[in-house]
$ cat upload-v2.cif   # mmCIF, C-alpha atoms
data_structure
#
loop_
_atom_site.label_atom_id
_atom_site.label_comp_id
_atom_site.auth_asym_id
_atom_site.auth_seq_id
_atom_site.Cartn_x
_atom_site.Cartn_y
_atom_site.Cartn_z
CA MET C 52 -12.70 51.62 -34.40
CA LYS C 53 -15.73 51.40 -32.14
CA ASN C 54 -16.45 47.87 -33.39
CA LEU C 55 -12.84 46.88 -32.71
CA GLN C 56 -13.06 48.20 -29.15
CA THR C 57 -16.25 46.22 -28.62
CA VAL C 58 -14.62 43.01 -29.85
CA LEU C 59 -11.60 43.54 -27.60
CA CYS C 60 -13.82 44.19 -24.60
CA VAL C 61 -15.76 40.97 -25.18
CA PHE C 62 -12.50 39.03 -25.58
CA VAL C 63 -11.05 40.36 -22.31
CA CYS C 64 -14.26 39.64 -20.41
CA THR C 65 -14.30 36.10 -21.74
CA LEU C 66 -10.73 35.53 -20.56
CA LEU C 67 -11.51 36.88 -17.10
CA PHE C 68 -14.59 34.66 -16.83
CA ARG C 69 -12.60 31.59 -17.80
CA CYS C 70 -9.88 32.40 -15.27
CA ASP C 71 -12.41 32.81 -12.48
CA THR C 72 -14.10 29.56 -13.44
CA THR C 73 -10.76 27.71 -13.49
CA ASN C 74 -9.86 29.02 -10.07
CA ASP C 75 -13.15 27.68 -8.68
CA ILE C 76 -12.47 24.13 -9.87
CA GLN C 77 -11.37 21.89 -6.99
CA ILE C 78 -8.82 19.37 -8.22
CA PRO C 79 -9.04 16.34 -5.93
CA GLU C 80 -5.83 15.20 -4.29
CA PRO C 81 -4.83 11.59 -4.86
CA PRO C 82 -5.95 9.30 -2.02
CA LEU C 83 -3.38 8.52 0.65
CA ASN C 84 -2.23 4.92 0.90
CA LEU C 85 -1.98 4.89 4.68
CA LYS C 86 0.48 2.55 6.33
CA ALA C 87 1.13 1.39 9.87
CA THR C 88 4.17 -0.16 11.53
CA TYR C 89 3.71 -3.16 13.82
CA LYS C 90 6.05 -4.70 16.35
CA VAL C 91 5.45 -8.44 16.20
CA THR C 92 6.73 -10.61 19.06
CA PHE C 93 6.83 -14.41 19.06
CA GLU C 94 7.01 -15.79 22.58
CA PHE C 95 8.13 -19.44 22.43
CA ASN C 96 7.56 -21.99 25.16
CA TRP C 97 8.66 -25.27 23.62
CA ASN C 98 9.91 -27.04 26.73
CA GLU C 99 10.58 -30.65 27.69
CA GLN C 100 8.14 -30.68 30.60
CA ASP C 101 5.12 -29.78 28.48
CA TYR C 102 6.30 -31.61 25.35
CA PRO C 103 8.21 -34.66 26.66
CA ILE C 104 7.60 -36.97 23.69
CA ASP C 105 10.76 -37.13 21.58
CA TYR C 106 11.90 -33.67 22.81
CA PRO C 107 15.27 -32.98 21.14
CA SER C 108 18.38 -32.05 23.13
CA ASN C 109 19.13 -29.10 20.82
CA ALA C 110 15.69 -27.52 20.44
CA HIS C 111 15.83 -24.15 18.67
CA PHE C 112 14.16 -21.93 16.07
CA SER C 113 15.55 -20.57 12.81
CA LYS C 114 15.47 -16.94 11.72
CA LEU C 115 11.94 -15.54 11.68
CA ILE C 116 10.97 -14.50 8.14
CA GLY C 117 7.82 -13.12 6.55
CA TRP C 118 5.98 -10.32 4.82
CA SER C 119 2.91 -8.11 4.69
CA HIS C 120 0.57 -8.87 1.80
CA THR C 121 -2.90 -8.79 0.30
CA PRO C 122 -5.56 -10.64 2.32
CA LEU C 123 -6.21 -14.28 1.42
CA ASN C 124 -2.90 -14.60 -0.42
CA ASN C 125 -2.15 -18.25 -1.23
CA PHE C 126 1.52 -18.22 -0.22
CA PHE C 127 2.00 -20.40 2.92
CA LYS C 128 -1.69 -21.36 2.71
CA ILE C 129 -2.79 -24.75 4.05
CA GLY C 130 -3.56 -27.09 1.16
CA THR C 131 -1.03 -25.55 -1.23
CA ILE C 132 2.31 -27.04 -2.28
CA ALA C 133 5.35 -25.54 -0.58
CA SER C 134 7.65 -23.45 -2.74
CA THR C 135 11.38 -24.11 -2.81
CA GLY C 136 11.86 -21.26 -0.35
CA ILE C 137 9.30 -22.65 2.09
CA LYS C 138 10.86 -26.12 1.75
CA ASN C 139 14.35 -24.78 2.53
CA MET C 140 13.04 -22.81 5.51
CA ALA C 141 11.09 -25.78 6.91
CA GLU C 142 13.84 -28.39 6.42
CA LEU C 143 17.04 -26.38 6.90
CA GLY C 144 16.07 -23.08 8.50
CA ALA C 145 17.46 -21.36 5.39
CA THR C 146 15.98 -18.00 4.37
CA VAL C 147 17.82 -16.89 1.20
CA VAL C 148 15.50 -18.42 -1.42
CA LEU C 149 12.35 -17.62 0.56
CA ASP C 150 13.43 -14.00 0.89
CA GLU C 151 13.96 -13.85 -2.88
CA GLU C 152 10.49 -15.31 -3.45
CA LEU C 153 8.91 -12.72 -1.16
CA ALA C 154 10.81 -9.91 -2.87
CA SER C 155 9.47 -11.09 -6.23
CA LYS C 156 5.92 -11.16 -4.93
CA ILE C 157 6.27 -7.66 -3.49
CA GLU C 158 7.58 -6.44 -6.85
CA ALA C 159 4.41 -7.92 -8.41
CA ASP C 160 2.34 -5.88 -5.90
CA GLU C 161 1.18 -8.92 -3.94
CA GLY C 162 2.97 -7.58 -0.88
CA PHE C 163 4.27 -4.41 0.74
CA ASP C 164 7.09 -5.18 3.19
CA ARG C 165 9.25 -8.14 4.21
CA VAL C 166 11.55 -8.88 7.13
CA ILE C 167 14.12 -11.38 8.40
CA GLY C 168 14.53 -11.45 12.17
CA SER C 169 16.81 -13.35 14.50
CA GLY C 170 16.64 -17.01 15.44
CA LEU C 171 16.45 -18.54 18.91
CA SER C 172 19.09 -20.91 20.31
CA SER C 173 16.65 -22.76 22.58
CA GLY C 174 12.98 -23.69 22.67
CA ILE C 175 12.09 -20.90 25.09
CA GLY C 176 12.40 -17.16 24.48
CA GLU C 177 11.29 -14.31 22.22
CA ILE C 178 11.89 -13.04 18.71
CA SER C 179 10.62 -9.57 17.72
CA VAL C 180 10.48 -7.84 14.34
CA GLU C 181 8.89 -4.70 12.90
CA LEU C 182 6.82 -4.90 9.74
CA GLN C 183 4.81 -2.32 7.80
CA VAL C 184 1.32 -2.85 6.42
CA ASN C 185 -0.89 -0.59 4.32
CA GLU C 186 -4.52 -0.49 3.22
CA GLU C 187 -3.94 -2.73 0.21
CA HIS C 188 -1.62 -5.15 2.04
CA PRO C 189 -2.87 -5.35 5.65
CA SER C 190 -2.17 -9.05 6.28
CA ILE C 191 0.96 -10.54 7.84
CA SER C 192 2.56 -13.99 7.55
CA LEU C 193 5.66 -14.90 9.57
CA VAL C 194 7.33 -18.31 9.98
CA THR C 195 10.32 -20.02 11.61
CA MET C 196 11.59 -23.58 11.45
CA LEU C 197 10.86 -25.80 14.45
CA ALA C 198 14.33 -27.30 14.79
CA PRO C 199 15.48 -29.93 14.57
CA SER C 200 12.65 -31.47 12.58
CA PRO C 201 11.99 -33.06 9.18
CA ASP C 202 10.00 -30.14 7.67
CA TRP C 203 8.02 -28.56 10.48
CA TYR C 204 7.68 -24.87 11.20
CA VAL C 205 5.81 -22.47 13.46
CA GLY C 206 4.07 -19.34 12.28
CA ILE C 207 1.07 -17.16 11.66
CA VAL C 208 -0.43 -17.00 8.18
CA ASP C 209 -2.61 -14.26 6.68
CA LEU C 210 -3.51 -12.32 9.81
CA ASN C 211 -5.42 -9.21 8.67
CA LEU C 212 -4.56 -6.22 10.89
CA ILE C 213 -7.53 -4.14 9.70
CA GLU C 214 -10.65 -4.74 11.76
CA ASN C 215 -13.85 -2.69 11.50
CA GLY C 216 -12.15 -0.22 9.17
CA VAL C 217 -9.15 0.58 11.37
CA PHE C 218 -5.63 -0.68 11.90
CA ILE C 219 -5.88 -2.57 15.17
CA GLU C 220 -4.00 -1.26 18.21
CA GLU C 221 -2.96 -4.59 19.78
CA LYS C 222 -3.70 -8.28 19.32
CA THR C 223 -2.37 -11.59 20.68
CA ILE C 224 -2.97 -14.99 19.09
CA TYR C 225 -1.55 -18.52 19.17
CA ALA C 226 0.88 -19.52 16.46
CA GLN C 227 0.23 -22.69 14.50
CA THR C 228 2.61 -25.57 13.77
CA TYR C 229 2.83 -26.62 10.13
CA ASP C 230 4.14 -29.55 8.09
CA ALA C 231 5.57 -28.36 4.76
CA GLY C 232 4.80 -31.68 3.05
CA THR C 233 8.34 -32.07 1.72
CA ASP C 234 9.86 -34.64 4.11
CA SER C 235 8.27 -37.85 5.46
CA GLY C 236 10.23 -38.08 8.73
CA GLN C 237 8.12 -38.78 11.81
CA GLN C 238 10.45 -37.65 14.61
CA PHE C 239 12.40 -34.48 15.30
CA THR C 240 15.74 -36.13 14.50
CA SER C 241 14.57 -38.44 11.70
CA ASN C 242 16.95 -38.97 8.78
CA ASN C 243 16.25 -37.03 5.61
CA ALA C 244 13.33 -38.69 3.80
CA PRO C 245 12.15 -36.53 0.87
CA THR C 246 8.42 -36.73 0.13
CA THR C 247 8.06 -37.37 -3.60
CA PRO C 248 5.96 -35.86 -4.93
CA LYS C 249 5.42 -33.10 -2.38
CA ILE C 250 2.10 -33.12 -0.53
CA PRO C 251 0.13 -30.02 0.54
CA ILE C 252 1.00 -27.96 3.60
CA THR C 253 -0.97 -29.03 6.68
CA ILE C 254 -1.40 -28.01 10.32
CA ILE C 255 0.18 -30.52 12.71
CA ASN C 256 -1.99 -32.00 15.44
CA ASN C 257 0.49 -34.25 17.16
CA PRO C 258 1.02 -34.80 20.91
CA SER C 259 4.78 -34.35 20.57
CA ILE C 260 4.29 -30.84 19.19
CA GLY C 261 1.11 -29.79 20.94
CA ASN C 262 -2.38 -29.54 19.57
CA GLY C 263 -1.73 -27.50 16.48
CA GLY C 264 -0.48 -24.27 17.94
CA THR C 265 0.45 -23.91 21.62
CA ILE C 266 4.22 -23.72 21.21
CA ALA C 267 4.17 -19.95 20.74
CA THR C 268 1.98 -16.91 21.22
CA VAL C 269 2.29 -13.93 18.91
CA SER C 270 1.55 -10.33 19.88
CA PHE C 271 1.04 -7.38 17.54
CA LYS C 272 1.42 -3.76 18.63
CA ASN C 273 0.75 -0.76 16.40
CA ASN C 274 3.86 1.42 16.80
CA SER C 275 2.66 4.17 14.44
CA ASN C 276 0.19 7.01 14.81
CA ILE C 277 -1.98 5.65 12.02
CA HIS C 278 -5.20 3.92 12.98
CA LEU C 279 -8.19 5.27 11.05
CA LEU C 280 -8.26 4.62 7.32
CA GLY C 281 -8.90 7.34 4.76
#
$ encode --input "upload-v2.cif" --output "structure tokens"
Amino acid sequence: MKNLQTVLCVFVCTLLFRCDTTNDIQIPEPPLNLKATYKVTFEFNWNEQDYPIDYPSNAHFSKLIGWSHTPLNNFFKIGTIASTGIKNMAELGATVVLDEELASKIEADEGFDRVIGSGLSSGIGEISVELQVNEEHPSISLVTMLAPSPDWYVGIVDLNLIENGVFIEEKTIYAQTYDAGTDSGQQFTSNNAPTTPKIPITIINNPSIGNGGTIATVSFKNNSNIHLLG
């Protein structure tokens, strides 16, 4: 009996020791994937006085469309071939296929959020959207057709909103003007002239459109309380 009591005592002590040890173990919490919400405003100033060469009578911009994504993503990148969605946006101002392409890329974890904003019925005015970024997908690309035109569009591509380890508070930059490489027309109202095969996307440096990016300025404002990264 005495031996049995000794065995039981050792067993109970062992259990208590293991419980105490388990309680002392600190199980790390999974890291937070912090996100921030930005208001992005395109301020357009495409006017006949500053851009008199071939200025169209019905100048306007299509719906603003874009996404947040991993830095240095190739989509929209200069030197790449435009997708069907980019082609449709640049030539027709259409967003359906491009939105589907962005959704597919987000599903593949290349991106985090996407948005379609309003268009603009003249060459002067503003379009604003809100878009979320996170630590893995801190870059933003947004585009709109310069209309009418063969295949030209205005936008910002791959702007990283993390600087020095924090989500930036505010930033303002010039937009760029791009040629999608899908139509060979030379004037805003040129007849449809498909480029076959397609050529790579380029930045336009043409007096009728400005020097590669003065048609619009783009401002970014952090509308969330998240700034420092984990």
$ resolve_selection --input "upload-v2.cif" --expression "the PyMOL selection byres ((chain C and resi 149) around 8)" --output "MDAnalysis selection string"
chainID C and resid 135:137 139:140 145:148 150:153
$ residues_around --input "upload-v2.cif" --residues "Lys222 (chain C)" --least-positions-apart "2" --cutoff "8 Å" --atoms "all atoms listed in the file" --output "CSV table (one decimal) with C-alpha atoms, keeping the file's coordinate frame"
chain,number,residue,atom,x,y,z
C,219,ILE,CA,-5.9,-2.6,15.2
C,220,GLU,CA,-4.0,-1.3,18.2
C,224,ILE,CA,-3.0,-15.0,19.1
C,270,SER,CA,1.6,-10.3,19.9
C,271,PHE,CA,1.0,-7.4,17.5
C,272,LYS,CA,1.4,-3.8,18.6
$ closest_atom_pairs --input "upload-v2.cif" --of "region 145-255 of chain C" --to "region 118-127 of chain C" --cutoff "6 Å" --atoms "all atoms listed in the file" --output "tab-separated table"
residue	atom	partner	partner_atom	distance
C:Glu161	CA	C:His120	CA	5.8
C:Gly162	CA	C:His120	CA	3.8
C:Phe163	CA	C:Ser119	CA	5.6
C:Asp164	CA	C:Ser119	CA	5.3
C:Arg165	CA	C:Trp118	CA	4.0
C:Val184	CA	C:Ser119	CA	5.8
C:His188	CA	C:Thr121	CA	4.2
C:Ser190	CA	C:His120	CA	5.3
C:Ile191	CA	C:Ser119	CA	4.4
C:Ser192	CA	C:Trp118	CA	5.7
$ residues_around --input "upload-v2.cif" --residues "region 242-254 of chain C" --least-positions-apart "5" --cutoff "10 Å" --atoms "all atoms listed in the file" --output "PyMOL selection string"
chain C and resi 127-134+137-138+142+200-205+227-237+262-264
$ residues_around --input "upload-v2.cif" --residues "Glu94 (chain C)" --least-positions-apart "6" --cutoff "10 Å" --atoms "all atoms listed in the file" --output "PyMOL selection string"
chain C and resi 174-179+225-226+266-270
$ atom_distance --input "upload-v2.cif" --atom1 "CA of Asn276 (chain C)" --atom2 "CA of Ala154 (chain C)"
26.7 Å
$ closest_residue --input "upload-v2.cif" --among "C:Asn211, C:Thr195, C:Thr92, C:Ser241" --to "Ser113 (chain C)" --atoms "only C-alpha atoms"
C:Thr195
$ resolve_selection --input "upload-v2.cif" --expression "the PyMOL selection byres ((chain C and resi 102) around 12)" --output "PyMOL selection string"
chain C and resi 96-101+103-107+110+174+257-262+265-266
$ axis_aligned_box --input "upload-v2.cif" --around "region 106-122 of chain C" --padding-each-side "8 Å" --output "AutoDock Vina command-line options"
--center_x 6.8 --center_y -20.9 --center_z 11.7 --size_x 40.7 --size_y 41.6 --size_z 38.8
$ closest_residue --input "upload-v2.cif" --among "C:Ile157, C:Ile255, C:Val166, C:Gln238" --to "Gln183 (chain C)" --atoms "only C-alpha atoms"
C:Val166
$ decode --input "upload-v2.cif" --residues "region 234-247 of chain C" --atoms "N, CA and C atoms" --output "mmCIF file, in the first residue's frame"
data_model
loop_
_atom_site.group_PDB
_atom_site.id
_atom_site.type_symbol
_atom_site.label_atom_id
_atom_site.label_comp_id
_atom_site.auth_asym_id
_atom_site.auth_seq_id
_atom_site.Cartn_x
_atom_site.Cartn_y
_atom_site.Cartn_z
ATOM 1 N N ASP C 234 -3.601 50.466 -81.312
ATOM 2 C CA ASP C 234 -4.197 51.197 -82.428
ATOM 3 C C ASP C 234 -3.164 52.193 -82.943
ATOM 4 N N SER C 235 -3.048 52.315 -84.284
ATOM 5 C CA SER C 235 -1.999 53.132 -84.887
ATOM 6 C C SER C 235 -2.452 54.538 -85.252
ATOM 7 N N GLY C 236 -3.641 54.951 -84.826
ATOM 8 C CA GLY C 236 -4.110 56.298 -85.118
ATOM 9 C C GLY C 236 -3.186 57.353 -84.519
ATOM 10 N N GLN C 237 -3.095 58.500 -85.205
ATOM 11 C CA GLN C 237 -2.172 59.543 -84.788
ATOM 12 C C GLN C 237 -2.866 60.770 -84.219
ATOM 13 N N GLN C 238 -4.188 60.869 -84.387
ATOM 14 C CA GLN C 238 -4.939 62.009 -83.888
ATOM 15 C C GLN C 238 -6.072 61.525 -82.986
ATOM 16 N N PHE C 239 -6.612 62.446 -82.184
ATOM 17 C CA PHE C 239 -7.655 62.068 -81.243
ATOM 18 C C PHE C 239 -8.853 61.426 -81.933
ATOM 19 N N THR C 240 -9.212 61.917 -83.100
ATOM 20 C CA THR C 240 -10.405 61.401 -83.787
ATOM 21 C C THR C 240 -10.051 60.542 -84.996
ATOM 22 N N SER C 241 -8.869 59.962 -85.010
ATOM 23 C CA SER C 241 -8.476 59.079 -86.121
ATOM 24 C C SER C 241 -9.417 57.888 -86.228
ATOM 25 N N ASN C 242 -9.615 57.401 -87.451
ATOM 26 C CA ASN C 242 -10.394 56.186 -87.660
ATOM 27 C C ASN C 242 -9.698 54.996 -87.017
ATOM 28 N N ASN C 243 -10.470 53.978 -86.718
ATOM 29 C CA ASN C 243 -9.920 52.775 -86.103
ATOM 30 C C ASN C 243 -8.846 52.166 -87.005
ATOM 31 N N ALA C 244 -7.650 51.953 -86.442
ATOM 32 C CA ALA C 244 -6.533 51.394 -87.215
ATOM 33 C C ALA C 244 -5.775 50.408 -86.330
ATOM 34 N N PRO C 245 -6.286 49.180 -86.200
ATOM 35 C CA PRO C 245 -5.667 48.210 -85.292
ATOM 36 C C PRO C 245 -4.188 47.991 -85.581
ATOM 37 N N THR C 246 -3.388 47.958 -84.529
ATOM 38 C CA THR C 246 -1.955 47.680 -84.648
ATOM 39 C C THR C 246 -1.767 46.174 -84.572
ATOM 40 N N THR C 247 -1.281 45.587 -85.663
ATOM 41 C CA THR C 247 -1.122 44.134 -85.724
ATOM 42 C C THR C 247 0.295 43.780 -86.155
#
